[in-house]
Amino acid sequence: MTALDSHHLWRPYTQMKTAAPPLEAIATRGTRITLRGGRELIDGIASWWTAVHGYNHPHIAAAMADQLIRMPHVMFGGLTHAPAERLGARLAALLPGDLNHVFFTDSGSVAVEVALKMAVQLWLNRGEAGRTRVLAFRGGYHGDTMGAMSACDPEEGMHRRFGTYLPSQVFCDLPRTAEAEAALDAALARHRHELAAVIVEPLVQGAGGMLAHPPEVLATVARLARRHGLPLIADEIFTGFGRTGTMFACEQAGVVPDILCLSKALTGGTMALAATVATTEIFSAFWSDDPAAALMHGPTFMANPLACAAANASLDLFEIEPRLTQVRAIAARLEAGLAPLRRLAGVRDVRVLGAIGAVQFAQAPDLADLKRRFVERGVWVRPFGDIVYLTPALTIDEADLDRLIGAVTAVTESTLSTGPRDA
């Protein structure tokens with residue numbers, strides 16, 4: 001137990017009866033988390049992939065402090081404000097193609113919910129009923145709310161126990177082979193008249209196991225969706241804002257999705273904010289004299305000014321600091337540092353894409369033991385399933401990155417040579 005009373009808190013993805021007590025964080029700075037008692041941990045996962053500029057960046061902090069004094073929040077129904085207007089315009093300018101219409105929410109899962117809702121209502125507004133399902137991909141993860149859960153991998157994903165509760169979707173393998181491409185084409189043809197959209201995580205299926213696919217696979221998904229007249233939803237909640245080496249993963253395949261979801265790094269890891277961005281064609285289906293054709297969705301904290309100010313400051317940093325160059329340097333160092341682990345018999349794969357490095361075990365290790373050993377080595381790394389991964393801040397310096405790589409290497413080697421040690 002920490003110095004705080006933890007009896008009242010229900011923690012994420014945690015079996016509360018058996019879990020070790022959480023560590024108490026008291027401060028952050030750069031790539032470091034300070035614990036009660038003064039110990040520092042190098043954060044290897046940037047607080048679930050959000051803190052791309054590191055913690056407490058002064059430019060973001062100053063923008064938030066200014067906005068907090070002037071207007072921390074105002075409802076977005078019937079009112080507007082400069083931080084949201086500016087952020088919407090900047091996102092539209094950054095994103096490929098005519099992704100020009102930005103709907104703000106407050107979490108990645110809700111951004112996906114809105115995307116699914118847009119896709120279904122698109123067809124209703126066009127006078128076509130019955131298109132209520134989406135085609136999603138095995139290995140995928142899109143969030144923890146009901147619609148988002150239904151599009152996650154139904155067998156291997158964390159939501160498989162909810163199968164009978166969730167809407168029924170159509171699942172295929174990503175078209176990595178000619179056979180898989182043919183199967184996807186056939187499924188799209190077979191279910192075309194009940195499908196509203198295709199949803200995919202571009203280049204990396206994150207929570208599904210850091211499963212990477214080349215840009216050509218994403219391009220094939222987009223091509224087949226177009227062939228069958230279906231909108232493509234790109235879930236860039238994890239991959240957006242430089243993580244894969246380009247500002248948005250879709251760029252690497254030359255793909256312009258019809259709807260794109262953003263969150264996580266949008267505010268540089270400071271505030272909850274998400275966006276669902278649609279093309280002009282999608283938006284036009286809701287542009288009507290009929291009130292029933294409007295998108296009836298509106299989170300209470302939609303377009304929160306404080307969060308929008310943070311996001312604008314985060315975009316400033318992508319303009320004035322060399323983030324994508326830093327990603328390339330991180331990728332090279334991850335590849336060089338993790339590559340030797342491929343030789344170990346108990347390692348199934350080592351994957352590096354942009355500022356993402358993953359080591360996949362042949363058999364799932366004792367996760368609690370691994371987490372404890374990482375903390376003992378002064379790093380914050382949270383393995384899941386059979387994966388140990390690193391997604392550090394894009395600003396991490398070489399010394400801290402080398403310490404993270406060294407910790408992953410040492411813990412992996414000792415796990416495979418001795419097995420989990422006694423608790």
# chains A, B, ... in the order shown; residues from 1 in each chain; ligands from 1
>>> closest_atom_pairs(of="segment 284-395 of chain A", to="segment 65-80 of chain A", cutoff="7 Å", atoms="only C-alpha atoms", output="CSV")
residue,atom,partner,partner_atom,distance
A:Thr300,CA,A:Met75,CA,6.9
A:Phe301,CA,A:Met75,CA,6.9
A:Met302,CA,A:Phe76,CA,6.3
A:Ala303,CA,A:Phe76,CA,6.6
A:Asn304,CA,A:His73,CA,5.5
A:Pro305,CA,A:His73,CA,5.5
A:Leu306,CA,A:Pro72,CA,5.1
A:Ala309,CA,A:Gln67,CA,6.7
>>> write_last_selection(atoms="C-alpha atoms", output="short mmCIF file (atom, residue, chain, number, x, y, z; two decimals), in the first residue's frame")
data_model
loop_
_atom_site.label_atom_id
_atom_site.label_comp_id
_atom_site.auth_asym_id
_atom_site.auth_seq_id
_atom_site.Cartn_x
_atom_site.Cartn_y
_atom_site.Cartn_z
CA THR A 300 -20.34 17.77 -22.15
CA PHE A 301 -16.67 18.73 -22.29
CA MET A 302 -16.50 18.74 -26.08
CA ALA A 303 -13.81 21.12 -27.38
CA ASN A 304 -12.77 22.04 -23.85
CA PRO A 305 -10.80 25.30 -24.27
CA LEU A 306 -8.06 24.29 -21.85
CA ALA A 309 -4.99 25.29 -25.86
#
>>> closest_atom_pairs(of="segment 66-118 of chain A", to="segment 199-222 of chain A", cutoff="12 Å", atoms="only C-alpha atoms", output="JSON lines")
{"residue": "A:Val112", "atom": "CA", "partner": "A:Ile199", "partner_atom": "CA", "distance": 9.3}
{"residue": "A:Glu113", "atom": "CA", "partner": "A:Ile199", "partner_atom": "CA", "distance": 11.5}
{"residue": "A:Ala115", "atom": "CA", "partner": "A:Ile199", "partner_atom": "CA", "distance": 9.3}
{"residue": "A:Leu116", "atom": "CA", "partner": "A:Ile199", "partner_atom": "CA", "distance": 8.7}
>>> atom_distance(atom1="atom CA of Lys264 of chain A", atom2="atom CA of Phe283 of chain A")
24.1 Å
>>> select_by_dssp(residues="segment 167-211 of chain A", states="strand (DSSP E or B)", output="PDB file with C-alpha atoms, in the first residue's frame")
ATOM      1  CA  VAL A 170     -17.481  -8.796 -39.489  1.00  0.00           C
ATOM      2  CA  PHE A 171     -13.833  -9.747 -38.900  1.00  0.00           C
ATOM      3  CA  CYS A 172     -11.058 -10.558 -41.346  1.00  0.00           C
ATOM      4  CA  LEU A 195     -21.742  -2.916 -43.794  1.00  0.00           C
ATOM      5  CA  ALA A 196     -21.443   0.756 -42.934  1.00  0.00           C
ATOM      6  CA  ALA A 197     -17.630   1.043 -43.007  1.00  0.00           C
ATOM      7  CA  VAL A 198     -14.243  -0.610 -42.685  1.00  0.00           C
ATOM      8  CA  ILE A 199     -12.125   0.277 -39.632  1.00  0.00           C
ATOM      9  CA  VAL A 200      -8.372  -0.241 -39.343  1.00  0.00           C
ATOM     10  CA  VAL A 204       0.417  -0.860 -36.091  1.00  0.00           C
ATOM     11  CA  GLN A 205      -2.252  -2.680 -34.094  1.00  0.00           C
ATOM     12  CA  LEU A 211       1.484  -5.937 -34.559  1.00  0.00           C
TER      13      LEU A 211
END
>>> residues_around(residues="Ala46 of chain A", least_positions_apart="2", cutoff="12 Å", atoms="only C-alpha atoms", output="number ranges by chain")
A: 28-33, 41-44, 48-55, 238, 243, 264-265, 268-270, 355-356, 379-382, 389-396
>>> closest_residue(among="A:Gly108, A:Ile330, A:His81, A:Glu194", to="Thr132 of chain A", atoms="only C-alpha atoms")
A:Glu194
>>> select_by_dssp(residues="segment 92-266 of chain A", states="alpha helix (DSSP H)", output="PyMOL selection string")
chain A and resi 92-94+108-125+146-150+178-191+215-227
>>> atom_distance(atom1="atom CA of Ala329 of chain A", atom2="atom CA of Ala407 of chain A")
19.1 Å
>>> residues_around(residues="Ala293 of chain A", least_positions_apart="6", cutoff="9 Å", atoms="only C-alpha atoms", output="mmCIF file with N, CA and C atoms, in the first residue's frame")
data_model
loop_
_atom_site.group_PDB
_atom_site.id
_atom_site.type_symbol
_atom_site.label_atom_id
_atom_site.label_comp_id
_atom_site.auth_asym_id
_atom_site.auth_seq_id
_atom_site.Cartn_x
_atom_site.Cartn_y
_atom_site.Cartn_z
ATOM 1 N N GLN A 121 -24.958 6.481 -39.677
ATOM 2 C CA GLN A 121 -25.938 7.517 -40.029
ATOM 3 C C GLN A 121 -25.737 8.032 -41.448
ATOM 4 N N LEU A 122 -24.513 7.947 -41.941
ATOM 5 C CA LEU A 122 -24.263 8.319 -43.338
ATOM 6 C C LEU A 122 -25.241 7.608 -44.259
ATOM 7 N N LEU A 124 -28.074 6.020 -43.383
ATOM 8 C CA LEU A 124 -29.452 6.385 -43.065
ATOM 9 C C LEU A 124 -29.832 7.701 -43.733
ATOM 10 N N ASN A 125 -28.910 8.662 -43.692
ATOM 11 C CA ASN A 125 -29.194 9.958 -44.316
ATOM 12 C C ASN A 125 -29.298 9.845 -45.827
ATOM 13 N N ALA A 285 -23.224 14.565 -46.168
ATOM 14 C CA ALA A 285 -24.401 13.716 -45.958
ATOM 15 C C ALA A 285 -25.213 14.155 -44.745
ATOM 16 N N PHE A 286 -24.631 14.986 -43.887
ATOM 17 C CA PHE A 286 -25.326 15.475 -42.697
ATOM 18 C C PHE A 286 -25.799 16.919 -42.879
ATOM 19 N N TRP A 287 -25.385 17.543 -43.973
ATOM 20 C CA TRP A 287 -25.725 18.942 -44.265
ATOM 21 C C TRP A 287 -27.104 18.966 -44.907
#
>>> closest_residue(among="A:Arg227, A:His297, A:Arg328, A:His57", to="Thr105 of chain A", atoms="only C-alpha atoms")
A:His297
